[in-house]
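Data file: coords.txt. Format and content: compact mmCIF, N, CA and C atoms.
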```
# COMPACT_ATOMS: atom_id res chain seq x y z
N MET A 1 0.85 -1.18 0.00
CA MET A 1 0.00 0.00 0.00
C MET A 1 0.89 1.24 0.00
N GLY A 2 0.66 2.14 -0.92
CA GLY A 2 1.46 3.35 -1.03
C GLY A 2 1.07 4.37 0.02
N ILE A 3 1.80 5.46 0.04
CA ILE A 3 1.51 6.54 0.98
C ILE A 3 0.25 7.26 0.53
N LYS A 4 -0.69 7.43 1.46
CA LYS A 4 -1.94 8.11 1.14
C LYS A 4 -1.71 9.62 1.28
N ARG A 5 -1.97 10.33 0.26
CA ARG A 5 -1.77 11.77 0.27
C ARG A 5 -3.11 12.49 0.41
N ILE A 6 -3.06 13.67 0.98
CA ILE A 6 -4.25 14.47 1.14
C ILE A 6 -4.58 15.13 -0.19
N ASP A 7 -5.80 14.96 -0.63
CA ASP A 7 -6.25 15.61 -1.85
C ASP A 7 -7.00 16.88 -1.45
N TRP A 8 -6.29 17.99 -1.40
CA TRP A 8 -6.86 19.25 -0.91
C TRP A 8 -8.00 19.74 -1.80
N HIS A 9 -7.99 19.35 -3.08
CA HIS A 9 -9.04 19.80 -3.98
C HIS A 9 -10.37 19.07 -3.73
N GLU A 10 -10.32 17.91 -3.10
CA GLU A 10 -11.53 17.12 -2.83
C GLU A 10 -12.00 17.25 -1.39
N GLN A 11 -11.20 17.91 -0.57
CA GLN A 11 -11.50 18.06 0.86
C GLN A 11 -12.83 18.80 1.05
N PHE A 12 -13.74 18.24 1.82
CA PHE A 12 -15.03 18.82 2.20
C PHE A 12 -16.03 18.94 1.05
N LYS A 13 -15.75 18.37 -0.12
CA LYS A 13 -16.70 18.41 -1.22
C LYS A 13 -17.71 17.29 -1.07
N ILE A 14 -18.92 17.56 -1.47
CA ILE A 14 -19.98 16.56 -1.43
C ILE A 14 -20.13 15.96 -2.81
N ARG A 15 -19.84 14.68 -2.92
CA ARG A 15 -20.01 13.97 -4.19
C ARG A 15 -21.40 13.34 -4.21
N VAL A 16 -22.11 13.55 -5.28
CA VAL A 16 -23.46 13.00 -5.42
C VAL A 16 -23.36 11.66 -6.13
N ARG A 17 -24.04 10.67 -5.56
CA ARG A 17 -24.09 9.35 -6.18
C ARG A 17 -25.30 9.28 -7.10
N ARG A 18 -25.12 8.70 -8.25
CA ARG A 18 -26.19 8.66 -9.26
C ARG A 18 -27.46 7.98 -8.79
N ASN A 19 -27.34 6.86 -8.13
CA ASN A 19 -28.53 6.06 -7.82
C ASN A 19 -29.00 6.23 -6.37
N ALA A 20 -28.58 7.27 -5.70
CA ALA A 20 -29.00 7.49 -4.31
C ALA A 20 -30.28 8.31 -4.26
N SER A 21 -31.02 8.11 -3.18
CA SER A 21 -32.25 8.88 -2.99
C SER A 21 -31.93 10.30 -2.56
N SER A 22 -32.91 11.16 -2.68
CA SER A 22 -32.72 12.55 -2.24
C SER A 22 -32.44 12.61 -0.75
N LYS A 23 -33.14 11.79 0.02
CA LYS A 23 -32.93 11.78 1.46
C LYS A 23 -31.50 11.35 1.80
N HIS A 24 -30.99 10.37 1.07
CA HIS A 24 -29.61 9.91 1.26
C HIS A 24 -28.63 11.06 1.06
N GLU A 25 -28.81 11.83 0.02
CA GLU A 25 -27.91 12.95 -0.28
C GLU A 25 -28.05 14.07 0.75
N VAL A 26 -29.26 14.32 1.24
CA VAL A 26 -29.45 15.33 2.27
C VAL A 26 -28.77 14.89 3.57
N ILE A 27 -28.91 13.63 3.93
CA ILE A 27 -28.25 13.09 5.13
C ILE A 27 -26.74 13.25 5.00
N LYS A 28 -26.21 12.90 3.85
CA LYS A 28 -24.76 13.00 3.63
C LYS A 28 -24.29 14.45 3.76
N THR A 29 -25.02 15.37 3.15
CA THR A 29 -24.67 16.78 3.21
C THR A 29 -24.72 17.31 4.64
N LEU A 30 -25.78 17.00 5.35
CA LEU A 30 -25.90 17.46 6.74
C LEU A 30 -24.84 16.84 7.64
N LEU A 31 -24.51 15.59 7.39
CA LEU A 31 -23.48 14.91 8.18
C LEU A 31 -22.12 15.60 7.99
N VAL A 32 -21.77 15.91 6.76
CA VAL A 32 -20.51 16.61 6.50
C VAL A 32 -20.52 17.99 7.14
N ARG A 33 -21.63 18.71 6.98
CA ARG A 33 -21.75 20.03 7.58
C ARG A 33 -21.60 19.97 9.10
N ASN A 34 -22.23 18.99 9.72
CA ASN A 34 -22.15 18.86 11.18
C ASN A 34 -20.75 18.47 11.64
N LEU A 35 -20.08 17.62 10.88
CA LEU A 35 -18.69 17.28 11.22
C LEU A 35 -17.79 18.50 11.12
N ILE A 36 -17.97 19.30 10.08
CA ILE A 36 -17.18 20.52 9.93
C ILE A 36 -17.48 21.48 11.07
N GLU A 37 -18.74 21.60 11.42
CA GLU A 37 -19.13 22.50 12.52
C GLU A 37 -18.54 22.04 13.85
N LYS A 38 -18.59 20.74 14.10
CA LYS A 38 -18.08 20.23 15.37
C LYS A 38 -16.56 20.43 15.49
N TYR A 39 -15.86 20.28 14.39
CA TYR A 39 -14.40 20.37 14.41
C TYR A 39 -13.88 21.67 13.79
N LYS A 40 -14.70 22.72 13.79
CA LYS A 40 -14.32 23.96 13.10
C LYS A 40 -13.03 24.58 13.64
N SER A 41 -12.73 24.39 14.90
CA SER A 41 -11.50 24.96 15.45
C SER A 41 -10.29 24.04 15.21
N GLN A 42 -10.54 22.85 14.68
CA GLN A 42 -9.46 21.88 14.44
C GLN A 42 -9.45 21.38 13.00
N LEU A 43 -9.95 22.16 12.07
CA LEU A 43 -10.08 21.70 10.69
C LEU A 43 -8.74 21.35 10.05
N TYR A 44 -7.66 21.89 10.57
CA TYR A 44 -6.35 21.55 10.04
C TYR A 44 -6.06 20.06 10.25
N TRP A 45 -6.62 19.47 11.30
CA TRP A 45 -6.35 18.08 11.67
C TRP A 45 -7.36 17.11 11.07
N VAL A 46 -8.39 17.62 10.44
CA VAL A 46 -9.51 16.79 9.99
C VAL A 46 -9.53 16.65 8.48
N ARG A 47 -9.84 15.43 8.02
CA ARG A 47 -10.03 15.15 6.60
C ARG A 47 -11.43 14.56 6.44
N ILE A 48 -12.21 15.12 5.55
CA ILE A 48 -13.56 14.61 5.30
C ILE A 48 -13.74 14.47 3.79
N TYR A 49 -14.06 13.25 3.36
CA TYR A 49 -14.33 12.99 1.95
C TYR A 49 -15.66 12.26 1.84
N THR A 50 -16.34 12.45 0.72
CA THR A 50 -17.56 11.68 0.46
C THR A 50 -17.30 10.75 -0.72
N GLU A 51 -18.04 9.63 -0.72
CA GLU A 51 -17.88 8.59 -1.74
C GLU A 51 -16.41 8.21 -1.86
N TYR A 52 -15.82 7.86 -0.73
CA TYR A 52 -14.38 7.60 -0.62
C TYR A 52 -14.09 6.10 -0.70
N PRO A 53 -13.20 5.69 -1.61
CA PRO A 53 -12.85 4.26 -1.70
C PRO A 53 -11.98 3.82 -0.53
N ILE A 54 -12.37 2.75 0.14
CA ILE A 54 -11.58 2.27 1.28
C ILE A 54 -10.96 0.91 1.03
N GLY A 55 -11.24 0.34 -0.09
CA GLY A 55 -10.68 -0.97 -0.39
C GLY A 55 -11.14 -1.42 -1.76
N GLU A 56 -10.95 -2.68 -2.02
CA GLU A 56 -11.35 -3.21 -3.32
C GLU A 56 -12.86 -3.22 -3.47
N GLY A 57 -13.38 -2.31 -4.26
CA GLY A 57 -14.79 -2.27 -4.56
C GLY A 57 -15.68 -1.66 -3.48
N LYS A 58 -15.14 -1.24 -2.37
CA LYS A 58 -15.96 -0.67 -1.29
C LYS A 58 -15.76 0.84 -1.24
N ILE A 59 -16.88 1.55 -1.27
CA ILE A 59 -16.85 3.01 -1.19
C ILE A 59 -17.75 3.42 -0.03
N CYS A 60 -17.18 4.17 0.91
CA CYS A 60 -18.01 4.62 2.04
C CYS A 60 -18.64 5.97 1.69
N ASP A 61 -19.78 6.25 2.29
CA ASP A 61 -20.50 7.47 1.98
C ASP A 61 -19.76 8.70 2.50
N VAL A 62 -19.33 8.67 3.76
CA VAL A 62 -18.58 9.78 4.35
C VAL A 62 -17.39 9.20 5.10
N TYR A 63 -16.21 9.68 4.74
CA TYR A 63 -14.95 9.25 5.36
C TYR A 63 -14.45 10.40 6.21
N PHE A 64 -14.28 10.14 7.50
CA PHE A 64 -13.81 11.16 8.45
C PHE A 64 -12.50 10.68 9.06
N GLU A 65 -11.50 11.54 9.02
CA GLU A 65 -10.19 11.19 9.57
C GLU A 65 -9.72 12.35 10.44
N ASN A 66 -9.31 12.03 11.67
CA ASN A 66 -8.77 13.04 12.57
C ASN A 66 -7.31 12.68 12.83
N ILE A 67 -6.42 13.48 12.30
CA ILE A 67 -4.98 13.22 12.40
C ILE A 67 -4.51 13.35 13.85
N LYS A 68 -5.07 14.30 14.56
CA LYS A 68 -4.63 14.57 15.94
C LYS A 68 -4.95 13.40 16.87
N THR A 69 -6.16 12.86 16.76
CA THR A 69 -6.56 11.76 17.64
C THR A 69 -6.29 10.40 17.03
N LYS A 70 -5.80 10.38 15.79
CA LYS A 70 -5.49 9.15 15.06
C LYS A 70 -6.69 8.20 14.97
N GLU A 71 -7.79 8.75 14.48
CA GLU A 71 -8.99 7.93 14.32
C GLU A 71 -9.61 8.15 12.94
N ILE A 72 -10.22 7.09 12.44
CA ILE A 72 -10.95 7.13 11.19
C ILE A 72 -12.35 6.58 11.47
N ILE A 73 -13.36 7.31 11.02
CA ILE A 73 -14.73 6.82 11.12
C ILE A 73 -15.35 6.91 9.73
N CYS A 74 -15.85 5.79 9.25
CA CYS A 74 -16.52 5.74 7.96
C CYS A 74 -18.02 5.63 8.21
N TYR A 75 -18.79 6.53 7.62
CA TYR A 75 -20.23 6.54 7.80
C TYR A 75 -20.88 5.91 6.57
N GLU A 76 -21.74 4.94 6.82
CA GLU A 76 -22.50 4.27 5.76
C GLU A 76 -23.97 4.65 5.93
N ILE A 77 -24.54 5.27 4.92
CA ILE A 77 -25.96 5.64 4.92
C ILE A 77 -26.67 4.62 4.05
N GLN A 78 -27.63 3.92 4.64
CA GLN A 78 -28.25 2.81 3.91
C GLN A 78 -29.75 2.78 4.15
N LYS A 79 -30.49 2.54 3.08
CA LYS A 79 -31.94 2.42 3.19
C LYS A 79 -32.33 0.96 3.40
N VAL A 80 -31.82 0.09 2.55
CA VAL A 80 -32.12 -1.34 2.66
C VAL A 80 -30.89 -2.05 3.19
N ILE A 81 -31.08 -2.74 4.30
CA ILE A 81 -29.96 -3.46 4.93
C ILE A 81 -30.30 -4.94 4.95
N THR A 82 -29.57 -5.69 4.14
CA THR A 82 -29.76 -7.13 4.12
C THR A 82 -28.63 -7.77 4.92
N ASP A 83 -28.83 -9.04 5.29
CA ASP A 83 -27.79 -9.75 6.02
C ASP A 83 -26.52 -9.87 5.18
N LYS A 84 -26.69 -10.09 3.88
CA LYS A 84 -25.53 -10.20 2.98
C LYS A 84 -24.76 -8.88 2.93
N TRP A 85 -25.48 -7.77 2.76
CA TRP A 85 -24.82 -6.46 2.71
C TRP A 85 -24.11 -6.17 4.02
N LEU A 86 -24.77 -6.46 5.14
CA LEU A 86 -24.17 -6.21 6.45
C LEU A 86 -22.90 -7.03 6.65
N GLU A 87 -22.93 -8.29 6.24
CA GLU A 87 -21.75 -9.15 6.38
C GLU A 87 -20.61 -8.66 5.48
N GLU A 88 -20.93 -8.32 4.23
CA GLU A 88 -19.91 -7.84 3.30
C GLU A 88 -19.30 -6.53 3.79
N THR A 89 -20.13 -5.64 4.30
CA THR A 89 -19.66 -4.35 4.79
C THR A 89 -18.80 -4.52 6.03
N LYS A 90 -19.24 -5.37 6.94
CA LYS A 90 -18.47 -5.63 8.15
C LYS A 90 -17.10 -6.20 7.79
N ASN A 91 -17.07 -7.15 6.86
CA ASN A 91 -15.79 -7.73 6.42
C ASN A 91 -14.90 -6.68 5.76
N ALA A 92 -15.50 -5.81 4.96
CA ALA A 92 -14.71 -4.76 4.29
C ALA A 92 -14.04 -3.85 5.32
N TYR A 93 -14.78 -3.47 6.35
CA TYR A 93 -14.21 -2.58 7.38
C TYR A 93 -13.26 -3.31 8.31
N ASP A 94 -13.50 -4.59 8.52
CA ASP A 94 -12.56 -5.38 9.33
C ASP A 94 -11.22 -5.52 8.61
N ASN A 95 -11.26 -5.59 7.27
CA ASN A 95 -10.04 -5.73 6.48
C ASN A 95 -9.41 -4.40 6.09
N PHE A 96 -10.10 -3.30 6.38
CA PHE A 96 -9.56 -1.97 6.08
C PHE A 96 -8.57 -1.62 7.18
N GLU A 97 -7.32 -1.70 6.82
CA GLU A 97 -6.28 -1.49 7.83
C GLU A 97 -5.55 -0.18 7.59
N ASN A 98 -5.32 0.49 8.66
CA ASN A 98 -4.45 1.65 8.66
C ASN A 98 -3.60 1.51 9.91
N SER A 99 -2.33 1.30 9.74
CA SER A 99 -1.43 0.93 10.83
C SER A 99 -1.45 1.87 12.02
N TYR A 100 -1.62 3.15 11.77
CA TYR A 100 -1.46 4.12 12.85
C TYR A 100 -2.78 4.68 13.37
N PHE A 101 -3.88 4.31 12.76
CA PHE A 101 -5.16 4.89 13.14
C PHE A 101 -6.13 3.84 13.66
N LYS A 102 -6.95 4.24 14.62
CA LYS A 102 -8.05 3.41 15.09
C LYS A 102 -9.19 3.62 14.09
N THR A 103 -9.67 2.54 13.51
CA THR A 103 -10.69 2.63 12.47
C THR A 103 -12.01 2.05 12.97
N ASP A 104 -13.10 2.76 12.67
CA ASP A 104 -14.43 2.30 13.04
C ASP A 104 -15.40 2.73 11.95
N TRP A 105 -16.59 2.19 11.98
CA TRP A 105 -17.60 2.59 11.02
C TRP A 105 -18.94 2.74 11.71
N CYS A 106 -19.78 3.58 11.14
CA CYS A 106 -21.09 3.89 11.73
C CYS A 106 -22.15 3.71 10.65
N LEU A 107 -23.14 2.89 10.96
CA LEU A 107 -24.25 2.65 10.04
C LEU A 107 -25.38 3.62 10.36
N ILE A 108 -25.82 4.35 9.36
CA ILE A 108 -26.94 5.27 9.51
C ILE A 108 -28.08 4.71 8.69
N LYS A 109 -29.15 4.33 9.37
CA LYS A 109 -30.31 3.76 8.70
C LYS A 109 -31.22 4.88 8.24
N GLU A 110 -31.33 5.01 6.95
CA GLU A 110 -32.09 6.10 6.34
C GLU A 110 -33.54 6.14 6.82
N ASP A 111 -34.18 4.99 6.93
CA ASP A 111 -35.59 4.95 7.31
C ASP A 111 -35.82 5.27 8.79
N ASP A 112 -34.78 5.16 9.63
CA ASP A 112 -34.93 5.46 11.05
C ASP A 112 -34.86 6.96 11.35
N LEU A 113 -34.48 7.74 10.36
CA LEU A 113 -34.34 9.18 10.57
C LEU A 113 -35.59 9.92 10.09
N PRO A 114 -35.88 11.06 10.71
CA PRO A 114 -37.08 11.82 10.31
C PRO A 114 -36.91 12.44 8.92
N ASN A 115 -38.00 12.93 8.39
CA ASN A 115 -37.97 13.50 7.04
C ASN A 115 -37.77 15.01 7.02
N THR A 116 -38.00 15.69 8.12
CA THR A 116 -37.81 17.14 8.13
C THR A 116 -36.33 17.45 8.38
N ILE A 117 -35.86 18.48 7.74
CA ILE A 117 -34.43 18.81 7.81
C ILE A 117 -34.02 19.20 9.23
N LYS A 118 -34.85 19.93 9.92
CA LYS A 118 -34.51 20.37 11.29
C LYS A 118 -34.34 19.17 12.22
N GLU A 119 -35.27 18.24 12.18
CA GLU A 119 -35.18 17.03 13.02
C GLU A 119 -34.04 16.13 12.56
N LEU A 120 -33.86 16.03 11.27
CA LEU A 120 -32.78 15.23 10.70
C LEU A 120 -31.43 15.76 11.16
N ASP A 121 -31.26 17.06 11.11
CA ASP A 121 -30.02 17.70 11.54
C ASP A 121 -29.74 17.41 13.02
N LYS A 122 -30.76 17.50 13.84
CA LYS A 122 -30.62 17.24 15.28
C LYS A 122 -30.21 15.79 15.53
N ASN A 123 -30.84 14.85 14.85
CA ASN A 123 -30.50 13.43 15.02
C ASN A 123 -29.09 13.11 14.55
N LEU A 124 -28.66 13.73 13.47
CA LEU A 124 -27.31 13.49 12.97
C LEU A 124 -26.25 14.03 13.93
N MET A 125 -26.52 15.14 14.56
CA MET A 125 -25.57 15.69 15.54
C MET A 125 -25.38 14.71 16.70
N GLU A 126 -26.43 13.99 17.06
CA GLU A 126 -26.33 13.01 18.14
C GLU A 126 -25.51 11.80 17.72
N LEU A 127 -25.47 11.50 16.42
CA LEU A 127 -24.70 10.35 15.93
C LEU A 127 -23.19 10.61 15.89
N ILE A 128 -22.82 11.87 15.76
CA ILE A 128 -21.40 12.21 15.66
C ILE A 128 -20.74 12.00 17.00
N VAL A 129 -19.74 11.16 17.01
CA VAL A 129 -19.06 10.82 18.25
C VAL A 129 -18.07 11.91 18.60
```

Turn this file's structure into structure tokens for me.
Amino acid sequence: MGIKRIDWHEQFKIRVRRNASSKHEVIKTLLVRNLIEKYKSQLYWVRIYTEYPIGEGKICDVYFENIKTKEIICYEIQKVITDKWLEETKNAYDNFENSYFKTDWCLIKEDDLPNTIKELDKNLMELIV
């Protein structure tokens, strides 16, 4: 595995996925906004990418990396969760290795969140660790 470099041109940009629902894209946008807001005084230490490849064929919806605390959190926003998808995703994150960082992932169930933006924003803030 080569050295991972920071792509400053892609930092904090929201990438839209072709086949995602509108609610999925709103959740992703609000999640990125809330992460930026929470870490606004430490943005130099934070990397946030959307639709970020983490391995062979696996792309996470929101990739959050904190250099200072040496942690990576990948957020998966999903409407339909099957046992097969859950197993494949768990295996992908178990095999996603970064020697110096503690890696974790967070599943966000699209149907469990409210439809209004104000309530959605409040619920997403509670999910951010």

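Comparing the minimum interatomic distances between Tyr63 in chain A and each of A:Gln11, A:Ile81, A:Glu110, A:Tyr39, counting only C-alpha atoms, we find that A:Gln11 sits nearest.
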
Practice task
Identify, on the basis of all atoms listed in the file, every residue whose closest approach to Ile77 in chain A does not exceed 6 Å; exclude the query and any residue fewer than 4 positions from it along the same chain; express the result as a ChimeraX atom specification.
Solution key: /A:61,107-110

Practice task
Tell me, as a PyMOL selection string, which residues lie within 7 Å of Tyr49 in chain A, counting all atoms listed in the file; anything in the same chain fewer than 4 positions away does not count.
Solution key: chain A and resi 10-15+60-65

Residue subset to file, keeping N, CA and C atoms, as a PDB file, in the frame of the given file:
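Output saved as part33.pdb:
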```pdb
ATOM      1  N   GLU A  10     -10.320  17.910  -3.100  1.00  0.00           N
ATOM      2  CA  GLU A  10     -11.530  17.120  -2.830  1.00  0.00           C
ATOM      3  C   GLU A  10     -12.000  17.250  -1.390  1.00  0.00           C
ATOM      4  N   GLN A  11     -11.200  17.910  -0.570  1.00  0.00           N
ATOM      5  CA  GLN A  11     -11.500  18.060   0.860  1.00  0.00           C
ATOM      6  C   GLN A  11     -12.830  18.800   1.050  1.00  0.00           C
ATOM      7  N   PHE A  12     -13.740  18.240   1.820  1.00  0.00           N
ATOM      8  CA  PHE A  12     -15.030  18.820   2.200  1.00  0.00           C
ATOM      9  C   PHE A  12     -16.030  18.940   1.050  1.00  0.00           C
ATOM     10  N   LYS A  13     -15.750  18.370  -0.120  1.00  0.00           N
ATOM     11  CA  LYS A  13     -16.700  18.410  -1.220  1.00  0.00           C
ATOM     12  C   LYS A  13     -17.710  17.290  -1.070  1.00  0.00           C
ATOM     13  N   ILE A  14     -18.920  17.560  -1.470  1.00  0.00           N
ATOM     14  CA  ILE A  14     -19.980  16.560  -1.430  1.00  0.00           C
ATOM     15  C   ILE A  14     -20.130  15.960  -2.810  1.00  0.00           C
ATOM     16  N   ARG A  15     -19.840  14.680  -2.920  1.00  0.00           N
ATOM     17  CA  ARG A  15     -20.010  13.970  -4.190  1.00  0.00           C
ATOM     18  C   ARG A  15     -21.400  13.340  -4.210  1.00  0.00           C
ATOM     19  N   CYS A  60     -17.180   4.170   0.910  1.00  0.00           N
ATOM     20  CA  CYS A  60     -18.010   4.620   2.040  1.00  0.00           C
ATOM     21  C   CYS A  60     -18.640   5.970   1.690  1.00  0.00           C
ATOM     22  N   ASP A  61     -19.780   6.250   2.290  1.00  0.00           N
ATOM     23  CA  ASP A  61     -20.500   7.470   1.980  1.00  0.00           C
ATOM     24  C   ASP A  61     -19.760   8.700   2.500  1.00  0.00           C
ATOM     25  N   VAL A  62     -19.330   8.670   3.760  1.00  0.00           N
ATOM     26  CA  VAL A  62     -18.580   9.780   4.350  1.00  0.00           C
ATOM     27  C   VAL A  62     -17.390   9.200   5.100  1.00  0.00           C
ATOM     28  N   TYR A  63     -16.210   9.680   4.740  1.00  0.00           N
ATOM     29  CA  TYR A  63     -14.950   9.250   5.360  1.00  0.00           C
ATOM     30  C   TYR A  63     -14.450  10.400   6.210  1.00  0.00           C
ATOM     31  N   PHE A  64     -14.280  10.140   7.500  1.00  0.00           N
ATOM     32  CA  PHE A  64     -13.810  11.160   8.450  1.00  0.00           C
ATOM     33  C   PHE A  64     -12.500  10.680   9.060  1.00  0.00           C
ATOM     34  N   GLU A  65     -11.500  11.540   9.020  1.00  0.00           N
ATOM     35  CA  GLU A  65     -10.190  11.190   9.570  1.00  0.00           C
ATOM     36  C   GLU A  65      -9.720  12.350  10.440  1.00  0.00           C
TER      37      GLU A  65
END
```

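Residue neighbourhood of range 92-94 of chain A, excluding near-sequence residues (fewer than 6 positions): Ile54, Gly55, Glu56, Lys58, Leu86, Thr103, Asp104 and Trp105 of chain A, at 8 Å, using only N, CA and C atoms.
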
Problem - Every residue of range 6-106 of chain A that DSSP places in alpha helix (DSSP H), as a ChimeraX atom specification - result: /A:22-38,83-95

Generate the output file for the selected residues, N, CA and C atoms, as a PDB file, in the frame of the given file.
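Output file part-v6.pdb is given in full below:
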```
ATOM      1  N   SER A  22     -32.910  11.160  -2.680  1.00  0.00           N
ATOM      2  CA  SER A  22     -32.720  12.550  -2.240  1.00  0.00           C
ATOM      3  C   SER A  22     -32.440  12.610  -0.750  1.00  0.00           C
ATOM      4  N   LYS A  23     -33.140  11.790   0.020  1.00  0.00           N
ATOM      5  CA  LYS A  23     -32.930  11.780   1.460  1.00  0.00           C
ATOM      6  C   LYS A  23     -31.500  11.350   1.800  1.00  0.00           C
ATOM      7  N   HIS A  24     -30.990  10.370   1.070  1.00  0.00           N
ATOM      8  CA  HIS A  24     -29.610   9.910   1.260  1.00  0.00           C
ATOM      9  C   HIS A  24     -28.630  11.060   1.060  1.00  0.00           C
ATOM     10  N   GLU A  25     -28.810  11.830   0.020  1.00  0.00           N
ATOM     11  CA  GLU A  25     -27.910  12.950  -0.280  1.00  0.00           C
ATOM     12  C   GLU A  25     -28.050  14.070   0.750  1.00  0.00           C
ATOM     13  N   VAL A  26     -29.260  14.320   1.240  1.00  0.00           N
ATOM     14  CA  VAL A  26     -29.450  15.330   2.270  1.00  0.00           C
ATOM     15  C   VAL A  26     -28.770  14.890   3.570  1.00  0.00           C
ATOM     16  N   ILE A  27     -28.910  13.630   3.930  1.00  0.00           N
ATOM     17  CA  ILE A  27     -28.250  13.090   5.130  1.00  0.00           C
ATOM     18  C   ILE A  27     -26.740  13.250   5.000  1.00  0.00           C
ATOM     19  N   LYS A  28     -26.210  12.900   3.850  1.00  0.00           N
ATOM     20  CA  LYS A  28     -24.760  13.000   3.630  1.00  0.00           C
ATOM     21  C   LYS A  28     -24.290  14.450   3.760  1.00  0.00           C
ATOM     22  N   THR A  29     -25.020  15.370   3.150  1.00  0.00           N
ATOM     23  CA  THR A  29     -24.670  16.780   3.210  1.00  0.00           C
ATOM     24  C   THR A  29     -24.720  17.310   4.640  1.00  0.00           C
ATOM     25  N   LEU A  30     -25.780  17.000   5.350  1.00  0.00           N
ATOM     26  CA  LEU A  30     -25.900  17.460   6.740  1.00  0.00           C
ATOM     27  C   LEU A  30     -24.840  16.840   7.640  1.00  0.00           C
ATOM     28  N   LEU A  31     -24.510  15.590   7.390  1.00  0.00           N
ATOM     29  CA  LEU A  31     -23.480  14.910   8.180  1.00  0.00           C
ATOM     30  C   LEU A  31     -22.120  15.600   7.990  1.00  0.00           C
ATOM     31  N   VAL A  32     -21.770  15.910   6.760  1.00  0.00           N
ATOM     32  CA  VAL A  32     -20.510  16.610   6.500  1.00  0.00           C
ATOM     33  C   VAL A  32     -20.520  17.990   7.140  1.00  0.00           C
ATOM     34  N   ARG A  33     -21.630  18.710   6.980  1.00  0.00           N
ATOM     35  CA  ARG A  33     -21.750  20.030   7.580  1.00  0.00           C
ATOM     36  C   ARG A  33     -21.600  19.970   9.100  1.00  0.00           C
ATOM     37  N   ASN A  34     -22.230  18.990   9.720  1.00  0.00           N
ATOM     38  CA  ASN A  34     -22.150  18.860  11.180  1.00  0.00           C
ATOM     39  C   ASN A  34     -20.750  18.470  11.640  1.00  0.00           C
ATOM     40  N   LEU A  35     -20.080  17.620  10.880  1.00  0.00           N
ATOM     41  CA  LEU A  35     -18.690  17.280  11.220  1.00  0.00           C
ATOM     42  C   LEU A  35     -17.790  18.500  11.120  1.00  0.00           C
ATOM     43  N   ILE A  36     -17.970  19.300  10.080  1.00  0.00           N
ATOM     44  CA  ILE A  36     -17.180  20.520   9.930  1.00  0.00           C
ATOM     45  C   ILE A  36     -17.480  21.480  11.070  1.00  0.00           C
ATOM     46  N   GLU A  37     -18.740  21.600  11.420  1.00  0.00           N
ATOM     47  CA  GLU A  37     -19.130  22.500  12.520  1.00  0.00           C
ATOM     48  C   GLU A  37     -18.540  22.040  13.850  1.00  0.00           C
ATOM     49  N   LYS A  38     -18.590  20.740  14.100  1.00  0.00           N
ATOM     50  CA  LYS A  38     -18.080  20.230  15.370  1.00  0.00           C
ATOM     51  C   LYS A  38     -16.560  20.430  15.490  1.00  0.00           C
ATOM     52  N   ASP A  83     -28.830  -9.040   5.290  1.00  0.00           N
ATOM     53  CA  ASP A  83     -27.790  -9.750   6.020  1.00  0.00           C
ATOM     54  C   ASP A  83     -26.520  -9.870   5.180  1.00  0.00           C
ATOM     55  N   LYS A  84     -26.690 -10.090   3.880  1.00  0.00           N
ATOM     56  CA  LYS A  84     -25.530 -10.200   2.980  1.00  0.00           C
ATOM     57  C   LYS A  84     -24.760  -8.880   2.930  1.00  0.00           C
ATOM     58  N   TRP A  85     -25.480  -7.770   2.760  1.00  0.00           N
ATOM     59  CA  TRP A  85     -24.820  -6.460   2.710  1.00  0.00           C
ATOM     60  C   TRP A  85     -24.110  -6.170   4.020  1.00  0.00           C
ATOM     61  N   LEU A  86     -24.770  -6.460   5.140  1.00  0.00           N
ATOM     62  CA  LEU A  86     -24.170  -6.210   6.450  1.00  0.00           C
ATOM     63  C   LEU A  86     -22.900  -7.030   6.650  1.00  0.00           C
ATOM     64  N   GLU A  87     -22.930  -8.290   6.240  1.00  0.00           N
ATOM     65  CA  GLU A  87     -21.750  -9.150   6.380  1.00  0.00           C
ATOM     66  C   GLU A  87     -20.610  -8.660   5.480  1.00  0.00           C
ATOM     67  N   GLU A  88     -20.930  -8.320   4.230  1.00  0.00           N
ATOM     68  CA  GLU A  88     -19.910  -7.840   3.300  1.00  0.00           C
ATOM     69  C   GLU A  88     -19.300  -6.530   3.790  1.00  0.00           C
ATOM     70  N   THR A  89     -20.130  -5.640   4.300  1.00  0.00           N
ATOM     71  CA  THR A  89     -19.660  -4.350   4.790  1.00  0.00           C
ATOM     72  C   THR A  89     -18.800  -4.520   6.030  1.00  0.00           C
ATOM     73  N   LYS A  90     -19.240  -5.370   6.940  1.00  0.00           N
ATOM     74  CA  LYS A  90     -18.470  -5.630   8.150  1.00  0.00           C
ATOM     75  C   LYS A  90     -17.100  -6.200   7.790  1.00  0.00           C
ATOM     76  N   ASN A  91     -17.070  -7.150   6.860  1.00  0.00           N
ATOM     77  CA  ASN A  91     -15.790  -7.730   6.420  1.00  0.00           C
ATOM     78  C   ASN A  91     -14.900  -6.680   5.760  1.00  0.00           C
ATOM     79  N   ALA A  92     -15.500  -5.810   4.960  1.00  0.00           N
ATOM     80  CA  ALA A  92     -14.710  -4.760   4.290  1.00  0.00           C
ATOM     81  C   ALA A  92     -14.040  -3.850   5.320  1.00  0.00           C
ATOM     82  N   TYR A  93     -14.780  -3.470   6.350  1.00  0.00           N
ATOM     83  CA  TYR A  93     -14.210  -2.580   7.380  1.00  0.00           C
ATOM     84  C   TYR A  93     -13.260  -3.310   8.310  1.00  0.00           C
ATOM     85  N   ASP A  94     -13.500  -4.590   8.520  1.00  0.00           N
ATOM     86  CA  ASP A  94     -12.560  -5.380   9.330  1.00  0.00           C
ATOM     87  C   ASP A  94     -11.220  -5.520   8.610  1.00  0.00           C
ATOM     88  N   ASN A  95     -11.260  -5.590   7.270  1.00  0.00           N
ATOM     89  CA  ASN A  95     -10.040  -5.730   6.480  1.00  0.00           C
ATOM     90  C   ASN A  95      -9.410  -4.400   6.090  1.00  0.00           C
TER      91      ASN A  95
END
```

Exercise for the section: Just the residues within 8 Å of Leu30 in chain A, please, counting only C-alpha atoms, with nothing from its chain fewer than 3 positions along; format it as a list in words. Expected result: Val26, Ile27, Arg33, Asn34, Asp121 and Leu124 of chain A
